[in-house]
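Student: Provided herewith is a single structure, encoded as structure tokens, for subsequent inquiry.
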Amino acid sequence: MKTVIVTGAASGIGRETAKLFASEQDRVIVADIDELGAEATVREIKAAGGHALAYRLDVRDEQQWEDFATWVGAEFGAADILVNNAGVMDIGGFVETTVPQWQRMVDINLMSVVYGSRAFARQMVAAGVHGHIVNIASAAAFLPSALDPAYGVVKAAVLMATQSLRVELRQHHIGVTAICPGVIRTNLLANGERNGLSPEEREQWRAEAGAAQAGLAYAGPDKVARIIERSVRNNWAVVPVNPEAWAIYGLIRLSPTLARVVPAVASFDRLERLLEVGKPLLDRLTKGKVTS
């Protein structure tokens, strides 16, 4: 039985990934700061006959990662698979995003990957485990944008960190993969922040943006989970998920200049007008996906 760790597994991509690995008779450790959500994931897994346990982890805290790795090693031996999935998506212009808001993105989306990868890579190397580390980046890592510069910057850093780690761990037969999803039907935007707005405006924007993500998403988190599992089996390096992610990936490789020009037409004013005009359609799409 392999030991699989999935962070941010209280919901979304993390929950579906934990359930998928558990369905293959792996032992899954559901790590999340949301204890109730993590326990709910564990209950789903156990109800389906799988093996799982919850662990409260604040991925921003390096010492908690070190303690977590020590505990895993003592209880089960070296981990076989680590999926660094925990993350948030805050959006807002480069200038209007404050330094603390930039730091929040760095701490949760980037440094958590650094802390987790270091702790468990050392454990795998020391035990001689031919394991695998999966880091969730994003299609935003390929595309410069005025809409989500902080998110894009940290996800681009995750992408490069993943590839650097892959080069380093190859001699130890440890695989490392960067998963780069496009728009997925999760609560990422609904749980995120819109920088530059008042608290009241931010709540309204979050609800509208969350509905837009749900309505426009091409696929659900289960698709990403399946690709994560296949990436581990096949030791893939960089994997865009969804047609829009592949299109952006191809565009930046084909013409970096064009990849900078195309997003320049996007602005929050245009986006918010589009959301207002398209709200009736988005409501119908979202309702259809929920009831289907």
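Please note that chains go A, B, ... in the order of the structure tokens, that every chain numbers its residues from 1, and that ligands are numbered from 1 in the order shown.
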Name the residues of range 23-165 of chain A that fall into strand (DSSP E) according to DSSP on the backbone, using the chain letters and numbers of this document, as a PyMOL selection string.
Tutor: chain A and resi 27-32+51-56+81-84+132-136
Student: So which residues touch Glu35 in chain A within 8 Å, counting only C-alpha atoms, skipping near sequence neighbours fewer than 2 positions away, as a list in words?
Tutor: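 Residues meeting the cut-off are Ala10, Asp32, Ile33, Gly37, Ala38, Glu39, Ala54, Tyr55 and Arg56 of chain A.
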Student: Which residues come within 9 Å of range 14-19 of chain A, counting only C-alpha atoms, excluding same-chain residues fewer than 3 positions away, as a ChimeraX atom specification?
Tutor: /A:4-11,22-24,28-30,38,41-42,44-45,48,50,52,83-86,221-226,228-229
Student: Write down as a JSON list (two decimals) with C-alpha atoms, in the first residue's frame the residues of range 1-218 of chain A whose backbone DSSP state falls under helix (DSSP H, G or I).
Tutor:
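Output file part.json follows:
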```json
[["chain", "number", "residue", "atom", "x", "y", "z"],
["A", 12, "GLY", "CA", -12.16, 20.66, -5.30],
["A", 13, "ILE", "CA", -9.21, 19.14, -7.12],
["A", 14, "GLY", "CA", -7.61, 17.99, -3.88],
["A", 15, "ARG", "CA", -10.69, 16.08, -2.74],
["A", 16, "GLU", "CA", -11.16, 14.36, -6.11],
["A", 17, "THR", "CA", -7.46, 13.46, -6.23],
["A", 18, "ALA", "CA", -7.56, 11.97, -2.74],
["A", 19, "LYS", "CA", -10.64, 9.92, -3.64],
["A", 20, "LEU", "CA", -9.07, 8.64, -6.85],
["A", 21, "PHE", "CA", -5.85, 7.44, -5.21],
["A", 22, "ALA", "CA", -7.84, 5.89, -2.38],
["A", 23, "SER", "CA", -9.92, 3.98, -4.92],
["A", 35, "GLU", "CA", -10.30, 20.38, 9.40],
["A", 36, "LEU", "CA", -14.04, 19.89, 8.87],
["A", 37, "GLY", "CA", -13.60, 19.73, 5.09],
["A", 38, "ALA", "CA", -10.72, 17.29, 5.44],
["A", 39, "GLU", "CA", -12.78, 15.04, 7.69],
["A", 40, "ALA", "CA", -15.62, 15.14, 5.17],
["A", 41, "THR", "CA", -13.23, 13.96, 2.45],
["A", 42, "VAL", "CA", -12.05, 11.13, 4.71],
["A", 43, "ARG", "CA", -15.63, 10.06, 5.38],
["A", 44, "GLU", "CA", -16.34, 9.89, 1.64],
["A", 45, "ILE", "CA", -13.25, 7.77, 1.09],
["A", 46, "LYS", "CA", -14.00, 5.41, 3.96],
["A", 47, "ALA", "CA", -17.62, 5.06, 2.86],
["A", 62, "GLU", "CA", 7.61, 25.63, 7.26],
["A", 63, "GLN", "CA", 7.82, 24.10, 10.73],
["A", 64, "GLN", "CA", 4.41, 22.47, 10.32],
["A", 65, "TRP", "CA", 5.68, 20.86, 7.10],
["A", 66, "GLU", "CA", 8.76, 19.54, 8.91],
["A", 67, "ASP", "CA", 6.62, 18.18, 11.75],
["A", 68, "PHE", "CA", 4.23, 16.65, 9.22],
["A", 69, "ALA", "CA", 7.04, 14.86, 7.37],
["A", 70, "THR", "CA", 8.44, 13.56, 10.66],
["A", 71, "TRP", "CA", 5.02, 12.25, 11.67],
["A", 72, "VAL", "CA", 4.41, 10.55, 8.31],
["A", 73, "GLY", "CA", 7.83, 8.90, 8.44],
["A", 74, "ALA", "CA", 7.26, 7.64, 11.98],
["A", 75, "GLU", "CA", 3.74, 6.35, 11.30],
["A", 76, "PHE", "CA", 4.00, 4.92, 7.79],
["A", 99, "VAL", "CA", 2.55, 44.07, -0.67],
["A", 100, "PRO", "CA", 0.74, 41.98, 1.99],
["A", 101, "GLN", "CA", -1.56, 40.66, -0.75],
["A", 102, "TRP", "CA", 1.45, 39.74, -2.88],
["A", 103, "GLN", "CA", 2.98, 38.04, 0.15],
["A", 104, "ARG", "CA", -0.19, 36.01, 0.75],
["A", 105, "MET", "CA", 0.01, 34.64, -2.78],
["A", 106, "VAL", "CA", 3.69, 33.82, -2.41],
["A", 107, "ASP", "CA", 3.24, 32.12, 0.96],
["A", 108, "ILE", "CA", 0.26, 29.95, 0.04],
["A", 109, "ASN", "CA", 0.88, 29.16, -3.62],
["A", 110, "LEU", "CA", 4.67, 29.10, -3.88],
["A", 111, "MET", "CA", 6.38, 28.64, -0.53],
["A", 112, "SER", "CA", 4.03, 25.80, 0.40],
["A", 113, "VAL", "CA", 5.32, 23.95, -2.66],
["A", 114, "VAL", "CA", 8.91, 24.70, -1.66],
["A", 115, "TYR", "CA", 8.41, 23.59, 1.95],
["A", 116, "GLY", "CA", 6.51, 20.42, 1.05],
["A", 117, "SER", "CA", 8.77, 19.38, -1.80],
["A", 118, "ARG", "CA", 11.92, 19.86, 0.29],
["A", 119, "ALA", "CA", 10.60, 17.97, 3.31],
["A", 120, "PHE", "CA", 9.26, 14.97, 1.42],
["A", 121, "ALA", "CA", 11.96, 14.83, -1.26],
["A", 122, "ARG", "CA", 14.55, 14.50, 1.51],
["A", 123, "GLN", "CA", 12.45, 11.76, 3.06],
["A", 124, "MET", "CA", 12.12, 9.86, -0.23],
["A", 125, "VAL", "CA", 15.83, 10.16, -1.02],
["A", 126, "ALA", "CA", 16.87, 9.02, 2.45],
["A", 127, "ALA", "CA", 14.60, 5.97, 2.29],
["A", 139, "ALA", "CA", -2.25, 27.84, -17.32],
["A", 140, "ALA", "CA", -1.78, 31.33, -15.85],
["A", 141, "ALA", "CA", 1.90, 30.43, -15.53],
["A", 149, "PRO", "CA", -0.46, 39.17, -12.22],
["A", 150, "ALA", "CA", 0.30, 37.99, -8.67],
["A", 151, "TYR", "CA", -1.32, 34.61, -9.31],
["A", 152, "GLY", "CA", 0.45, 34.24, -12.65],
["A", 153, "VAL", "CA", 3.81, 35.21, -11.18],
["A", 154, "VAL", "CA", 3.68, 32.68, -8.36],
["A", 155, "LYS", "CA", 2.34, 29.91, -10.60],
["A", 156, "ALA", "CA", 5.13, 30.59, -13.10],
["A", 157, "ALA", "CA", 7.54, 30.22, -10.19],
["A", 158, "VAL", "CA", 5.87, 26.93, -9.24],
["A", 159, "LEU", "CA", 6.32, 25.73, -12.81],
["A", 160, "MET", "CA", 10.03, 26.56, -12.84],
["A", 161, "ALA", "CA", 10.58, 25.18, -9.33],
["A", 162, "THR", "CA", 8.94, 21.93, -10.42],
["A", 163, "GLN", "CA", 11.15, 21.58, -13.47],
["A", 164, "SER", "CA", 14.27, 22.39, -11.46],
["A", 165, "LEU", "CA", 13.33, 19.79, -8.86],
["A", 166, "ARG", "CA", 12.66, 17.25, -11.61],
["A", 167, "VAL", "CA", 16.21, 17.71, -12.92],
["A", 168, "GLU", "CA", 17.66, 17.35, -9.42],
["A", 169, "LEU", "CA", 15.66, 14.28, -8.37],
["A", 170, "ARG", "CA", 16.05, 12.35, -11.60],
["A", 171, "GLN", "CA", 19.21, 10.64, -10.32],
["A", 172, "HIS", "CA", 17.18, 9.36, -7.35],
["A", 199, "PRO", "CA", -15.10, 44.58, 1.52],
["A", 200, "GLU", "CA", -18.71, 45.00, 0.32],
["A", 201, "GLU", "CA", -17.70, 45.29, -3.33],
["A", 202, "ARG", "CA", -15.36, 42.33, -2.94],
["A", 203, "GLU", "CA", -18.13, 40.05, -1.66],
["A", 204, "GLN", "CA", -20.37, 40.88, -4.61],
["A", 205, "TRP", "CA", -17.54, 40.44, -7.07],
["A", 206, "ARG", "CA", -16.55, 37.11, -5.54],
["A", 207, "ALA", "CA", -20.07, 35.75, -5.93],
["A", 208, "GLU", "CA", -20.31, 36.89, -9.55],
["A", 209, "ALA", "CA", -16.84, 35.64, -10.48],
["A", 210, "GLY", "CA", -17.48, 32.31, -8.78],
["A", 211, "ALA", "CA", -20.67, 31.87, -10.79],
["A", 212, "ALA", "CA", -18.79, 32.75, -13.98],
["A", 213, "GLN", "CA", -16.12, 30.15, -13.23],
["A", 214, "ALA", "CA", -18.77, 27.51, -12.58],
["A", 215, "GLY", "CA", -20.67, 28.40, -15.74],
["A", 216, "LEU", "CA", -17.73, 28.64, -18.12]]
```
Student: May I have the residues within 12 Å of range 246-251 of chain A as a PyMOL selection string, using only C-alpha atoms and disregarding those fewer than 2 positions away in the same chain?
Tutor: chain A and resi 138-145+179-183+238-244+253-263
Student: In Å to one decimal, how far is CA of Ala79 in chain A from CA of Gly175 in chain A?
Tutor: 13.1 Å
Student: Of the candidates A:Met89, A:Ala237, A:Ile227, A:Ile174, which one gets nearest to Thr186 in chain A if we count only C-alpha atoms?
Tutor: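 That would be A:Met89, the residue with the smallest distance to Thr186 in chain A.
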Student: I'd like to know which of A:Leu188, A:Val59, A:Ala78, A:Val232 is closest to Val129 in chain A, using only C-alpha atoms.
Tutor: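 Comparing A:Leu188, A:Val59, A:Ala78, A:Val232 against Val129 in chain A, the winner is A:Ala78.
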Student: Which residue is closest to Asn135 in chain A? Choose from A:Val176, A:Ile91, A:Ile81, A:Asp34 and count only C-alpha atoms.
Tutor: A:Val176
Student: Leaving out Gly93 in chain A and any residue of its chain fewer than 2 positions from it, which residues lie within 8 Å of it when counting only C-alpha atoms, given as a PyMOL selection string?
Tutor: chain A and resi 91+95-97+146-149+195
Student: The selected residues should be written to file as a compact mmCIF listing (two decimals), in the first residue's frame (atoms: C-alpha atoms).
Tutor:
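Result saved to part_20.txt:
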```
# COMPACT_ATOMS: atom_id res chain seq x y z
CA ILE A 91 -6.86 38.77 -8.64
CA VAL A 95 -0.09 48.11 -8.85
CA GLU A 96 -3.35 47.90 -6.89
CA THR A 97 -2.31 44.62 -5.24
CA ALA A 146 -3.29 42.42 -16.14
CA LEU A 147 -6.11 40.51 -14.45
CA ASP A 148 -4.14 38.15 -12.21
CA PRO A 149 -0.46 39.17 -12.22
CA ASN A 195 -7.78 43.32 -4.71
```
Student: Would you compute the distance between CA of Asp80 in chain A and CA of His132 in chain A? Give it in Å to one decimal.
Tutor: 6.4 Å
